[in-house]
$ cat final-v4.pdb   # PDB, C-alpha atoms
ATOM      1  CA  PHE A   1     120.464 433.727 243.978  1.00  0.00           C
ATOM      2  CA  TRP A   2     120.191 436.841 241.832  1.00  0.00           C
ATOM      3  CA  MET A   3     120.268 439.177 244.835  1.00  0.00           C
ATOM      4  CA  VAL A   4     123.534 437.577 245.960  1.00  0.00           C
ATOM      5  CA  TYR A   5     124.810 437.675 242.392  1.00  0.00           C
ATOM      6  CA  MET A   6     124.135 441.418 242.023  1.00  0.00           C
ATOM      7  CA  SER A   7     125.729 442.076 245.382  1.00  0.00           C
ATOM      8  CA  ARG A   8     128.871 440.181 244.356  1.00  0.00           C
ATOM      9  CA  TYR A   9     128.884 441.924 240.970  1.00  0.00           C
ATOM     10  CA  ASP A  10     128.585 445.403 242.504  1.00  0.00           C
ATOM     11  CA  THR A  11     131.424 444.740 244.931  1.00  0.00           C
ATOM     12  CA  ALA A  12     133.725 443.074 242.386  1.00  0.00           C
ATOM     13  CA  LYS A  13     137.185 444.620 242.582  1.00  0.00           C
ATOM     14  CA  ASP A  14     138.083 444.499 238.882  1.00  0.00           C
ATOM     15  CA  ASP A  15     136.693 443.865 235.416  1.00  0.00           C
ATOM     16  CA  SER A  16     138.037 440.319 235.388  1.00  0.00           C
ATOM     17  CA  ALA A  17     135.916 439.371 238.385  1.00  0.00           C
ATOM     18  CA  LYS A  18     132.848 440.976 236.839  1.00  0.00           C
ATOM     19  CA  GLU A  19     133.437 439.113 233.576  1.00  0.00           C
ATOM     20  CA  SER A  20     133.611 435.816 235.468  1.00  0.00           C
ATOM     21  CA  LEU A  21     130.327 436.611 237.157  1.00  0.00           C
ATOM     22  CA  LYS A  22     128.729 437.437 233.803  1.00  0.00           C
ATOM     23  CA  LYS A  23     129.823 434.079 232.408  1.00  0.00           C
ATOM     24  CA  LEU A  24     128.398 432.366 235.478  1.00  0.00           C
ATOM     25  CA  ALA A  25     125.078 434.163 235.004  1.00  0.00           C
ATOM     26  CA  ASP A  26     124.993 433.145 231.337  1.00  0.00           C
ATOM     27  CA  ARG A  27     125.568 429.498 232.239  1.00  0.00           C
ATOM     28  CA  VAL A  28     122.859 429.624 234.916  1.00  0.00           C
ATOM     29  CA  MET A  29     120.360 431.148 232.476  1.00  0.00           C
ATOM     30  CA  LYS A  30     121.099 428.470 229.871  1.00  0.00           C
ATOM     31  CA  VAL A  31     120.611 425.723 232.470  1.00  0.00           C
ATOM     32  CA  ILE A  32     117.305 427.317 233.559  1.00  0.00           C
ATOM     33  CA  GLU A  33     116.122 427.504 229.936  1.00  0.00           C
ATOM     34  CA  VAL A  34     116.931 423.816 229.432  1.00  0.00           C
ATOM     35  CA  LEU A  35     115.159 422.809 232.657  1.00  0.00           C
ATOM     36  CA  VAL A  36     112.056 424.860 231.789  1.00  0.00           C
ATOM     37  CA  ALA A  37     111.947 423.361 228.289  1.00  0.00           C
ATOM     38  CA  GLU A  38     112.297 419.845 229.712  1.00  0.00           C
ATOM     39  CA  LYS A  39     109.515 420.486 232.232  1.00  0.00           C
ATOM     40  CA  ARG A  40     107.186 421.772 229.523  1.00  0.00           C
ATOM     41  CA  ASN A  41     108.044 418.809 227.329  1.00  0.00           C
ATOM     42  CA  ASP A  42     107.355 416.386 230.187  1.00  0.00           C
ATOM     43  CA  GLU A  43     103.972 418.018 230.864  1.00  0.00           C
ATOM     44  CA  THR A  44     103.102 417.873 227.149  1.00  0.00           C
ATOM     45  CA  MET A  45     104.087 414.222 226.928  1.00  0.00           C
ATOM     46  CA  GLN A  46     101.991 413.429 229.998  1.00  0.00           C
ATOM     47  CA  ARG A  47      98.929 415.096 228.444  1.00  0.00           C
ATOM     48  CA  ILE A  48      99.510 413.243 225.188  1.00  0.00           C
ATOM     49  CA  ALA A  49      99.808 409.940 227.054  1.00  0.00           C
ATOM     50  CA  VAL A  50      96.463 410.580 228.786  1.00  0.00           C
ATOM     51  CA  ILE A  51      94.731 411.376 225.476  1.00  0.00           C
ATOM     52  CA  ASP A  52      96.325 408.358 223.780  1.00  0.00           C
ATOM     53  CA  ARG A  53      94.891 406.152 226.532  1.00  0.00           C
ATOM     54  CA  LEU A  54      91.502 407.770 225.916  1.00  0.00           C
ATOM     55  CA  VAL A  55      91.756 406.986 222.197  1.00  0.00           C
ATOM     56  CA  GLU A  56      92.577 403.370 223.024  1.00  0.00           C
ATOM     57  CA  ASP A  57      89.658 403.186 225.475  1.00  0.00           C
ATOM     58  CA  PHE A  58      87.305 404.466 222.768  1.00  0.00           C
ATOM     59  CA  LEU A  59      88.640 401.956 220.250  1.00  0.00           C
ATOM     60  CA  GLN A  60      88.076 399.068 222.652  1.00  0.00           C
ATOM     61  CA  ALA A  61      84.647 400.349 223.664  1.00  0.00           C
ATOM     62  CA  ASN A  62      83.563 400.708 220.039  1.00  0.00           C
ATOM     63  CA  GLN A  63      84.501 397.090 219.393  1.00  0.00           C
ATOM     64  CA  ASN A  64      82.472 396.028 222.430  1.00  0.00           C
ATOM     65  CA  ASN A  65      79.461 398.197 221.499  1.00  0.00           C
ATOM     66  CA  LYS A  66      79.923 400.279 224.660  1.00  0.00           C
ATOM     67  CA  LEU A  67      81.289 403.466 223.123  1.00  0.00           C
ATOM     68  CA  LYS A  68      78.303 405.635 224.058  1.00  0.00           C
ATOM     69  CA  GLU A  69      78.662 404.776 227.746  1.00  0.00           C
ATOM     70  CA  VAL A  70      82.412 405.424 227.709  1.00  0.00           C
ATOM     71  CA  VAL A  71      82.046 408.735 225.839  1.00  0.00           C
ATOM     72  CA  ALA A  72      79.415 409.853 228.355  1.00  0.00           C
ATOM     73  CA  ALA A  73      81.810 409.046 231.207  1.00  0.00           C
ATOM     74  CA  LYS A  74      84.728 410.835 229.515  1.00  0.00           C
ATOM     75  CA  ILE A  75      82.848 413.788 228.000  1.00  0.00           C
ATOM     76  CA  GLY A  76      84.689 416.230 230.255  1.00  0.00           C
ATOM     77  CA  MET A  77      88.035 415.281 228.724  1.00  0.00           C
ATOM     78  CA  LEU A  78      86.639 415.816 225.231  1.00  0.00           C
ATOM     79  CA  THR A  79      85.275 419.278 226.036  1.00  0.00           C
ATOM     80  CA  GLN A  80      88.320 420.469 227.980  1.00  0.00           C
ATOM     81  CA  ASP A  81      91.212 419.149 225.875  1.00  0.00           C
ATOM     82  CA  ASN A  82      91.467 420.033 222.192  1.00  0.00           C
ATOM     83  CA  ASN A  83      94.222 417.466 221.531  1.00  0.00           C
ATOM     84  CA  PHE A  84      91.876 414.487 221.173  1.00  0.00           C
ATOM     85  CA  TRP A  85      91.248 414.754 217.455  1.00  0.00           C
ATOM     86  CA  SER A  86      94.887 415.430 216.632  1.00  0.00           C
ATOM     87  CA  ARG A  87      95.827 412.258 218.535  1.00  0.00           C
ATOM     88  CA  VAL A  88      93.142 410.321 216.663  1.00  0.00           C
ATOM     89  CA  GLY A  89      94.717 411.594 213.449  1.00  0.00           C
ATOM     90  CA  ALA A  90      98.159 410.543 214.657  1.00  0.00           C
ATOM     91  CA  ARG A  91      96.836 407.071 215.496  1.00  0.00           C
ATOM     92  CA  TYR A  92      95.301 406.820 212.019  1.00  0.00           C
ATOM     93  CA  ASP A  93      98.516 407.933 210.298  1.00  0.00           C
ATOM     94  CA  ALA A  94     100.606 405.499 212.350  1.00  0.00           C
ATOM     95  CA  ALA A  95      98.393 402.526 211.440  1.00  0.00           C
ATOM     96  CA  GLN A  96     100.067 400.335 208.817  1.00  0.00           C
ATOM     97  CA  ALA A  97      97.200 397.982 207.993  1.00  0.00           C
ATOM     98  CA  ASP A  98      94.083 399.211 206.201  1.00  0.00           C
ATOM     99  CA  GLU A  99      91.959 397.340 208.743  1.00  0.00           C
ATOM    100  CA  GLU A 100      93.474 399.341 211.591  1.00  0.00           C
ATOM    101  CA  LYS A 101      92.965 402.618 209.748  1.00  0.00           C
ATOM    102  CA  GLU A 102      89.301 401.763 209.218  1.00  0.00           C
ATOM    103  CA  ARG A 103      88.944 400.791 212.896  1.00  0.00           C
ATOM    104  CA  VAL A 104      90.245 404.214 213.949  1.00  0.00           C
ATOM    105  CA  ALA A 105      88.120 406.040 211.369  1.00  0.00           C
ATOM    106  CA  ALA A 106      84.988 404.146 212.426  1.00  0.00           C
ATOM    107  CA  MET A 107      85.584 405.042 216.076  1.00  0.00           C
ATOM    108  CA  ALA A 108      86.100 408.714 215.198  1.00  0.00           C
ATOM    109  CA  ARG A 109      82.858 408.849 213.189  1.00  0.00           C
ATOM    110  CA  GLU A 110      80.942 407.207 215.996  1.00  0.00           C
ATOM    111  CA  VAL A 111      82.374 409.580 218.637  1.00  0.00           C
ATOM    112  CA  GLN A 112      81.331 412.553 216.505  1.00  0.00           C
ATOM    113  CA  ARG A 113      77.837 411.110 216.106  1.00  0.00           C
ATOM    114  CA  ILE A 114      77.501 410.487 219.856  1.00  0.00           C
ATOM    115  CA  CYS A 115      78.720 413.989 220.734  1.00  0.00           C
ATOM    116  CA  LYS A 116      76.199 415.525 218.336  1.00  0.00           C
ATOM    117  CA  GLU A 117      73.488 413.391 219.908  1.00  0.00           C
ATOM    118  CA  PHE A 118      74.448 414.560 223.389  1.00  0.00           C
ATOM    119  CA  ALA A 119      74.485 418.186 222.241  1.00  0.00           C
ATOM    120  CA  ALA A 120      71.036 417.823 220.675  1.00  0.00           C
ATOM    121  CA  LYS A 121      69.650 416.273 223.846  1.00  0.00           C
ATOM    122  CA  ALA A 122      71.138 419.095 225.886  1.00  0.00           C
ATOM    123  CA  GLY A 123      69.026 421.464 223.806  1.00  0.00           C
ATOM    124  CA  GLN A 124      71.893 423.749 222.850  1.00  0.00           C
ATOM    125  CA  SER A 125      74.735 423.729 220.368  1.00  0.00           C
ATOM    126  CA  ALA A 126      78.193 424.653 221.613  1.00  0.00           C
ATOM    127  CA  GLU A 127      77.789 428.077 219.987  1.00  0.00           C
ATOM    128  CA  ASP A 128      74.410 428.665 221.661  1.00  0.00           C
ATOM    129  CA  ALA A 129      75.791 427.551 225.027  1.00  0.00           C
ATOM    130  CA  GLU A 130      78.643 430.030 224.704  1.00  0.00           C
ATOM    131  CA  LYS A 131      76.242 432.859 223.878  1.00  0.00           C
ATOM    132  CA  SER A 132      74.051 431.948 226.847  1.00  0.00           C
ATOM    133  CA  LEU A 133      76.970 431.791 229.258  1.00  0.00           C
ATOM    134  CA  GLU A 134      78.360 435.119 227.998  1.00  0.00           C
ATOM    135  CA  LYS A 135      74.938 436.711 228.519  1.00  0.00           C
ATOM    136  CA  ILE A 136      74.686 435.360 232.078  1.00  0.00           C
ATOM    137  CA  MET A 137      78.241 436.411 232.931  1.00  0.00           C
ATOM    138  CA  LYS A 138      77.729 439.930 231.539  1.00  0.00           C
ATOM    139  CA  ALA A 139      74.596 440.271 233.644  1.00  0.00           C
ATOM    140  CA  GLY A 140      76.770 440.209 236.769  1.00  0.00           C
ATOM    141  CA  ALA A 141      79.213 442.879 235.554  1.00  0.00           C
ATOM    142  CA  ASP A 142      79.069 446.573 236.434  1.00  0.00           C
ATOM    143  CA  GLU A 143      78.555 449.419 233.973  1.00  0.00           C
ATOM    144  CA  ASN A 144      82.200 449.109 232.880  1.00  0.00           C
ATOM    145  CA  GLY A 145      81.872 445.408 232.139  1.00  0.00           C
ATOM    146  CA  GLU A 146      83.934 444.392 235.182  1.00  0.00           C
ATOM    147  CA  TRP A 147      83.180 442.036 238.075  1.00  0.00           C
ATOM    148  CA  PHE A 148      83.745 442.649 241.761  1.00  0.00           C
ATOM    149  CA  LEU A 149      83.158 440.134 244.517  1.00  0.00           C
ATOM    150  CA  PRO A 150      81.022 439.876 246.477  1.00  0.00           C
ATOM    151  CA  LEU A 151      78.322 440.595 243.904  1.00  0.00           C
ATOM    152  CA  ASN A 152      75.712 443.066 245.112  1.00  0.00           C
ATOM    153  CA  ASP A 153      71.954 442.393 245.178  1.00  0.00           C
ATOM    154  CA  ASN A 154      71.324 444.074 241.813  1.00  0.00           C
ATOM    155  CA  GLU A 155      74.039 442.043 240.110  1.00  0.00           C
ATOM    156  CA  MET A 156      72.708 438.834 241.660  1.00  0.00           C
ATOM    157  CA  GLN A 157      69.200 439.686 240.488  1.00  0.00           C
ATOM    158  CA  ARG A 158      70.419 440.373 236.933  1.00  0.00           C
ATOM    159  CA  ILE A 159      72.255 437.029 236.838  1.00  0.00           C
ATOM    160  CA  ARG A 160      69.186 435.235 238.167  1.00  0.00           C
ATOM    161  CA  GLN A 161      66.983 436.884 235.533  1.00  0.00           C
ATOM    162  CA  ALA A 162      69.449 436.025 232.747  1.00  0.00           C
ATOM    163  CA  ILE A 163      69.480 432.383 233.868  1.00  0.00           C
ATOM    164  CA  ARG A 164      65.674 432.290 233.783  1.00  0.00           C
ATOM    165  CA  GLU A 165      65.688 433.801 230.291  1.00  0.00           C
ATOM    166  CA  GLU A 166      68.038 431.011 229.224  1.00  0.00           C
ATOM    167  CA  ARG A 167      65.611 428.469 230.707  1.00  0.00           C
ATOM    168  CA  GLY A 168      67.863 427.592 233.612  1.00  0.00           C
ATOM    169  CA  GLY A 169      70.955 426.659 231.615  1.00  0.00           C
ATOM    170  CA  SER A 170      71.626 423.441 229.676  1.00  0.00           C
ATOM    171  CA  ASP A 171      74.082 420.650 230.424  1.00  0.00           C
ATOM    172  CA  GLN A 172      76.159 422.051 227.569  1.00  0.00           C
ATOM    173  CA  LEU A 173      76.282 425.445 229.284  1.00  0.00           C
ATOM    174  CA  VAL A 174      77.334 423.901 232.609  1.00  0.00           C
ATOM    175  CA  ALA A 175      80.072 421.876 230.898  1.00  0.00           C
ATOM    176  CA  LEU A 176      81.286 425.033 229.138  1.00  0.00           C
ATOM    177  CA  ALA A 177      81.310 426.986 232.420  1.00  0.00           C
ATOM    178  CA  LEU A 178      83.408 424.274 234.071  1.00  0.00           C
ATOM    179  CA  SER A 179      85.770 424.356 231.108  1.00  0.00           C
ATOM    180  CA  TRP A 180      86.127 428.157 231.347  1.00  0.00           C
ATOM    181  CA  MET A 181      86.786 427.895 235.060  1.00  0.00           C
ATOM    182  CA  LYS A 182      89.480 425.273 234.512  1.00  0.00           C
ATOM    183  CA  LYS A 183      91.197 427.304 231.789  1.00  0.00           C
ATOM    184  CA  ALA A 184      91.032 430.489 233.874  1.00  0.00           C
ATOM    185  CA  SER A 185      92.587 428.762 236.874  1.00  0.00           C
ATOM    186  CA  GLU A 186      95.517 427.609 234.722  1.00  0.00           C
ATOM    187  CA  THR A 187      96.469 431.134 233.615  1.00  0.00           C
ATOM    188  CA  GLN A 188      98.704 433.588 235.450  1.00  0.00           C
ATOM    189  CA  GLU A 189      96.478 436.652 235.078  1.00  0.00           C
ATOM    190  CA  GLU A 190      95.794 438.812 238.122  1.00  0.00           C
ATOM    191  CA  ASP A 191      91.986 438.672 237.814  1.00  0.00           C
ATOM    192  CA  VAL A 192      91.845 434.853 237.669  1.00  0.00           C
ATOM    193  CA  ALA A 193      90.397 434.516 241.175  1.00  0.00           C
ATOM    194  CA  MET A 194      87.688 437.049 240.315  1.00  0.00           C
ATOM    195  CA  ILE A 195      86.666 435.264 237.094  1.00  0.00           C
ATOM    196  CA  VAL A 196      86.690 431.838 238.752  1.00  0.00           C
ATOM    197  CA  GLY A 197      84.627 433.205 241.631  1.00  0.00           C
ATOM    198  CA  VAL A 198      82.008 434.684 239.303  1.00  0.00           C
ATOM    199  CA  ILE A 199      81.739 431.442 237.307  1.00  0.00           C
ATOM    200  CA  GLN A 200      81.305 429.493 240.552  1.00  0.00           C
ATOM    201  CA  LYS A 201      78.452 431.792 241.597  1.00  0.00           C
ATOM    202  CA  VAL A 202      76.846 431.439 238.165  1.00  0.00           C
ATOM    203  CA  LEU A 203      76.983 427.632 238.495  1.00  0.00           C
ATOM    204  CA  HIS A 204      75.476 427.807 241.988  1.00  0.00           C
ATOM    205  CA  MET A 205      72.643 430.012 240.781  1.00  0.00           C
ATOM    206  CA  VAL A 206      72.005 427.811 237.734  1.00  0.00           C
ATOM    207  CA  SER A 207      71.576 424.911 240.156  1.00  0.00           C
ATOM    208  CA  ALA A 208      69.263 426.962 242.390  1.00  0.00           C
ATOM    209  CA  VAL A 209      67.047 428.103 239.504  1.00  0.00           C
ATOM    210  CA  THR A 210      66.932 424.581 238.043  1.00  0.00           C
ATOM    211  CA  LEU A 211      65.798 423.173 241.386  1.00  0.00           C
ATOM    212  CA  GLU A 212      62.785 425.456 241.256  1.00  0.00           C
ATOM    213  CA  GLY A 213      61.397 423.607 238.247  1.00  0.00           C
ATOM    214  CA  GLY A 214      60.282 424.705 234.824  1.00  0.00           C
ATOM    215  CA  ASP A 215      58.218 427.816 235.518  1.00  0.00           C
ATOM    216  CA  PHE A 216      61.149 430.057 236.481  1.00  0.00           C
ATOM    217  CA  SER A 217      58.904 432.355 238.488  1.00  0.00           C
ATOM    218  CA  PRO A 218      59.944 435.856 239.596  1.00  0.00           C
ATOM    219  CA  GLU A 219      62.117 436.302 242.655  1.00  0.00           C
ATOM    220  CA  GLU A 220      59.244 437.220 244.958  1.00  0.00           C
ATOM    221  CA  ASP A 221      57.712 433.798 244.227  1.00  0.00           C
ATOM    222  CA  ALA A 222      60.999 431.916 244.477  1.00  0.00           C
ATOM    223  CA  GLY A 223      61.061 428.714 246.499  1.00  0.00           C
ATOM    224  CA  VAL A 224      63.102 427.676 249.481  1.00  0.00           C
ATOM    225  CA  ALA A 225      66.002 426.299 247.423  1.00  0.00           C
ATOM    226  CA  GLU A 226      66.757 429.583 245.649  1.00  0.00           C
ATOM    227  CA  GLN A 227      66.294 431.671 248.805  1.00  0.00           C
ATOM    228  CA  LEU A 228      68.753 429.444 250.644  1.00  0.00           C
ATOM    229  CA  MET A 229      71.220 429.610 247.766  1.00  0.00           C
ATOM    230  CA  HIS A 230      70.931 433.421 247.717  1.00  0.00           C
ATOM    231  CA  GLN A 231      71.819 433.525 251.436  1.00  0.00           C
ATOM    232  CA  ILE A 232      74.822 431.252 250.881  1.00  0.00           C
ATOM    233  CA  LEU A 233      76.111 433.324 247.956  1.00  0.00           C
TER     234      LEU A 233
END
$ encode --input "final-v4.pdb" --output "structure tokens"
Amino acid sequence: FWMVYMSRYDTAKDDSAKESLKKLADRVMKVIEVLVAEKRNDETMQRIAVIDRLVEDFLQANQNNKLKEVVAAKIGMLTQDNNFWSRVGARYDAAQADEEKERVAAMAREVQRICKEFAAKAGQSAEDAEKSLEKIMKAGADENGEWFLPLNDNEMQRIRQAIREERGGSDQLVALALSWMKKASETQEEDVAMIVGVIQKVLHMVSAVTLEGGDFSPEEDAGVAEQLMHQIL
């Protein structure tokens, strides 16, 4: 459209024709702005609707004494979407009866307790998991702190060693890595594919090291699982 527009503008015979084209361009831009805003609003409303359904699911599960099972099944949504607690707050504020407010508050307290329990069982806090993942990711970077795929043997060895030092990586770390990968894939940055690729390799190697058991022996003593994973990567 804009190539044709510029061509018509450049070949316009007089100022009146150019002015008409400018007005047309202004109208088109306003329509585009409205459509983009509507699309963003629709996407936001869809995300809110999904989280509101999650809040309702948790409320029902808490009443039926099944909240822990439901939270475990939906833990990915809690770790990857930061709108949950704001929607819980909105549900609380919208409640007119004191009984409903207490029902929402009780569910929220129980969800927090369950999440803390899961984090404790995973052996790492969210902060510790982030530090561990940053350490493992940095191990695969070059001297300038940048990543290039495919990773060379030295970079692979450094990642493998970092994973062993972190005792193979916790469930919290894996969940965080998946969250980072999801967020990276949703951005428009040029190095997205590189970052996603490195995170994928880190997850593969975490799985390979974990399969070897608890001793995390040196590479020369590595088992079949890790050797096979190294060939695949």
$ closest_residue --input "final-v4.pdb" --among "A:Val111, A:Leu67, A:Val88, A:Ile136" --to "Ile48 in chain A" --atoms "only C-alpha atoms"
A:Val88
$ atom_distance --input "final-v4.pdb" --atom1 "CA of His204 in chain A" --atom2 "CA of Asn152 in chain A"
15.6 Å
$ atom_distance --input "final-v4.pdb" --atom1 "CA of Glu110 in chain A" --atom2 "CA of Phe84 in chain A"
14.1 Å
$ resolve_selection --input "final-v4.pdb" --expression "the PyMOL selection byres ((chain A and resi 112) around 12)" --output "ChimeraX atom specification"
/A:58,67-68,71,75,78,84-85,105-111,113-119
$ resolve_selection --input "final-v4.pdb" --expression "the PyMOL selection byres ((chain A and resi 180-186) around 8)" --output "MDAnalysis selection string"
chainID A and resid 176:179 187:188 192:193 195:196 199:200
$ residues_near_point --input "final-v4.pdb" --point "(70.6, 435.1, 234.3)" --cutoff "12 Å" --atoms "all atoms listed in the file" --output "MDAnalysis selection string"
chainID A and resid 132:141 154:169 201:210 216 218:219
$ write_last_selection --input "final-v4.pdb" --atoms "C-alpha atoms" --output "tab-separated table (two decimals), in the coordinates of the input"
chain	number	residue	atom	x	y	z
A	132	SER	CA	74.05	431.95	226.85
A	133	LEU	CA	76.97	431.79	229.26
A	134	GLU	CA	78.36	435.12	228.00
A	135	LYS	CA	74.94	436.71	228.52
A	136	ILE	CA	74.69	435.36	232.08
A	137	MET	CA	78.24	436.41	232.93
A	138	LYS	CA	77.73	439.93	231.54
A	139	ALA	CA	74.60	440.27	233.64
A	140	GLY	CA	76.77	440.21	236.77
A	141	ALA	CA	79.21	442.88	235.55
A	154	ASN	CA	71.32	444.07	241.81
A	155	GLU	CA	74.04	442.04	240.11
A	156	MET	CA	72.71	438.83	241.66
A	157	GLN	CA	69.20	439.69	240.49
A	158	ARG	CA	70.42	440.37	236.93
A	159	ILE	CA	72.26	437.03	236.84
A	160	ARG	CA	69.19	435.24	238.17
A	161	GLN	CA	66.98	436.88	235.53
A	162	ALA	CA	69.45	436.02	232.75
A	163	ILE	CA	69.48	432.38	233.87
A	164	ARG	CA	65.67	432.29	233.78
A	165	GLU	CA	65.69	433.80	230.29
A	166	GLU	CA	68.04	431.01	229.22
A	167	ARG	CA	65.61	428.47	230.71
A	168	GLY	CA	67.86	427.59	233.61
A	169	GLY	CA	70.96	426.66	231.62
A	201	LYS	CA	78.45	431.79	241.60
A	202	VAL	CA	76.85	431.44	238.16
A	203	LEU	CA	76.98	427.63	238.50
A	204	HIS	CA	75.48	427.81	241.99
A	205	MET	CA	72.64	430.01	240.78
A	206	VAL	CA	72.00	427.81	237.73
A	207	SER	CA	71.58	424.91	240.16
A	208	ALA	CA	69.26	426.96	242.39
A	209	VAL	CA	67.05	428.10	239.50
A	210	THR	CA	66.93	424.58	238.04
A	216	PHE	CA	61.15	430.06	236.48
A	218	PRO	CA	59.94	435.86	239.60
A	219	GLU	CA	62.12	436.30	242.66
$ closest_residue --input "final-v4.pdb" --among "A:Val104, A:Ala129, A:Ala95, A:Met6" --to "Glu56 in chain A" --atoms "all atoms listed in the file"
A:Val104
$ residues_around --input "final-v4.pdb" --residues "Tyr92 in chain A" --least-positions-apart "5" --cutoff "10 Å" --atoms "all atoms listed in the file" --output "list in words"
Ser86, Arg87, Ala97, Asp98, Glu100, Lys101, Glu102, Arg103, Val104, Ala105 and Ala108 of chain A
$ write_last_selection --input "final-v4.pdb" --atoms "C-alpha atoms" --output "CSV table (one decimal), in the frame of the given file"
chain,number,residue,atom,x,y,z
A,86,SER,CA,94.9,415.4,216.6
A,87,ARG,CA,95.8,412.3,218.5
A,97,ALA,CA,97.2,398.0,208.0
A,98,ASP,CA,94.1,399.2,206.2
A,100,GLU,CA,93.5,399.3,211.6
A,101,LYS,CA,93.0,402.6,209.7
A,102,GLU,CA,89.3,401.8,209.2
A,103,ARG,CA,88.9,400.8,212.9
A,104,VAL,CA,90.2,404.2,213.9
A,105,ALA,CA,88.1,406.0,211.4
A,108,ALA,CA,86.1,408.7,215.2
$ resolve_selection --input "final-v4.pdb" --expression "the PyMOL selection byres ((chain A and resi 1) around 12)" --output "number ranges by chain"
A: 2-8, 24-25, 28-29
$ closest_residue --input "final-v4.pdb" --among "A:Asp142, A:Leu59, A:Asp171, A:Met194" --to "Gly76 in chain A" --atoms "only C-alpha atoms"
A:Asp171
$ atom_distance --input "final-v4.pdb" --atom1 "CA of Lys30 in chain A" --atom2 "CA of Ala17 in chain A"
20.3 Å
$ closest_residue --input "final-v4.pdb" --among "A:Lys74, A:Glu69, A:Val34, A:Leu149" --to "Arg53 in chain A" --atoms "only C-alpha atoms"
A:Lys74
$ closest_residue --input "final-v4.pdb" --among "A:Met77, A:Leu151, A:Leu173, A:Val198" --to "Asp52 in chain A" --atoms "all atoms listed in the file"
A:Met77
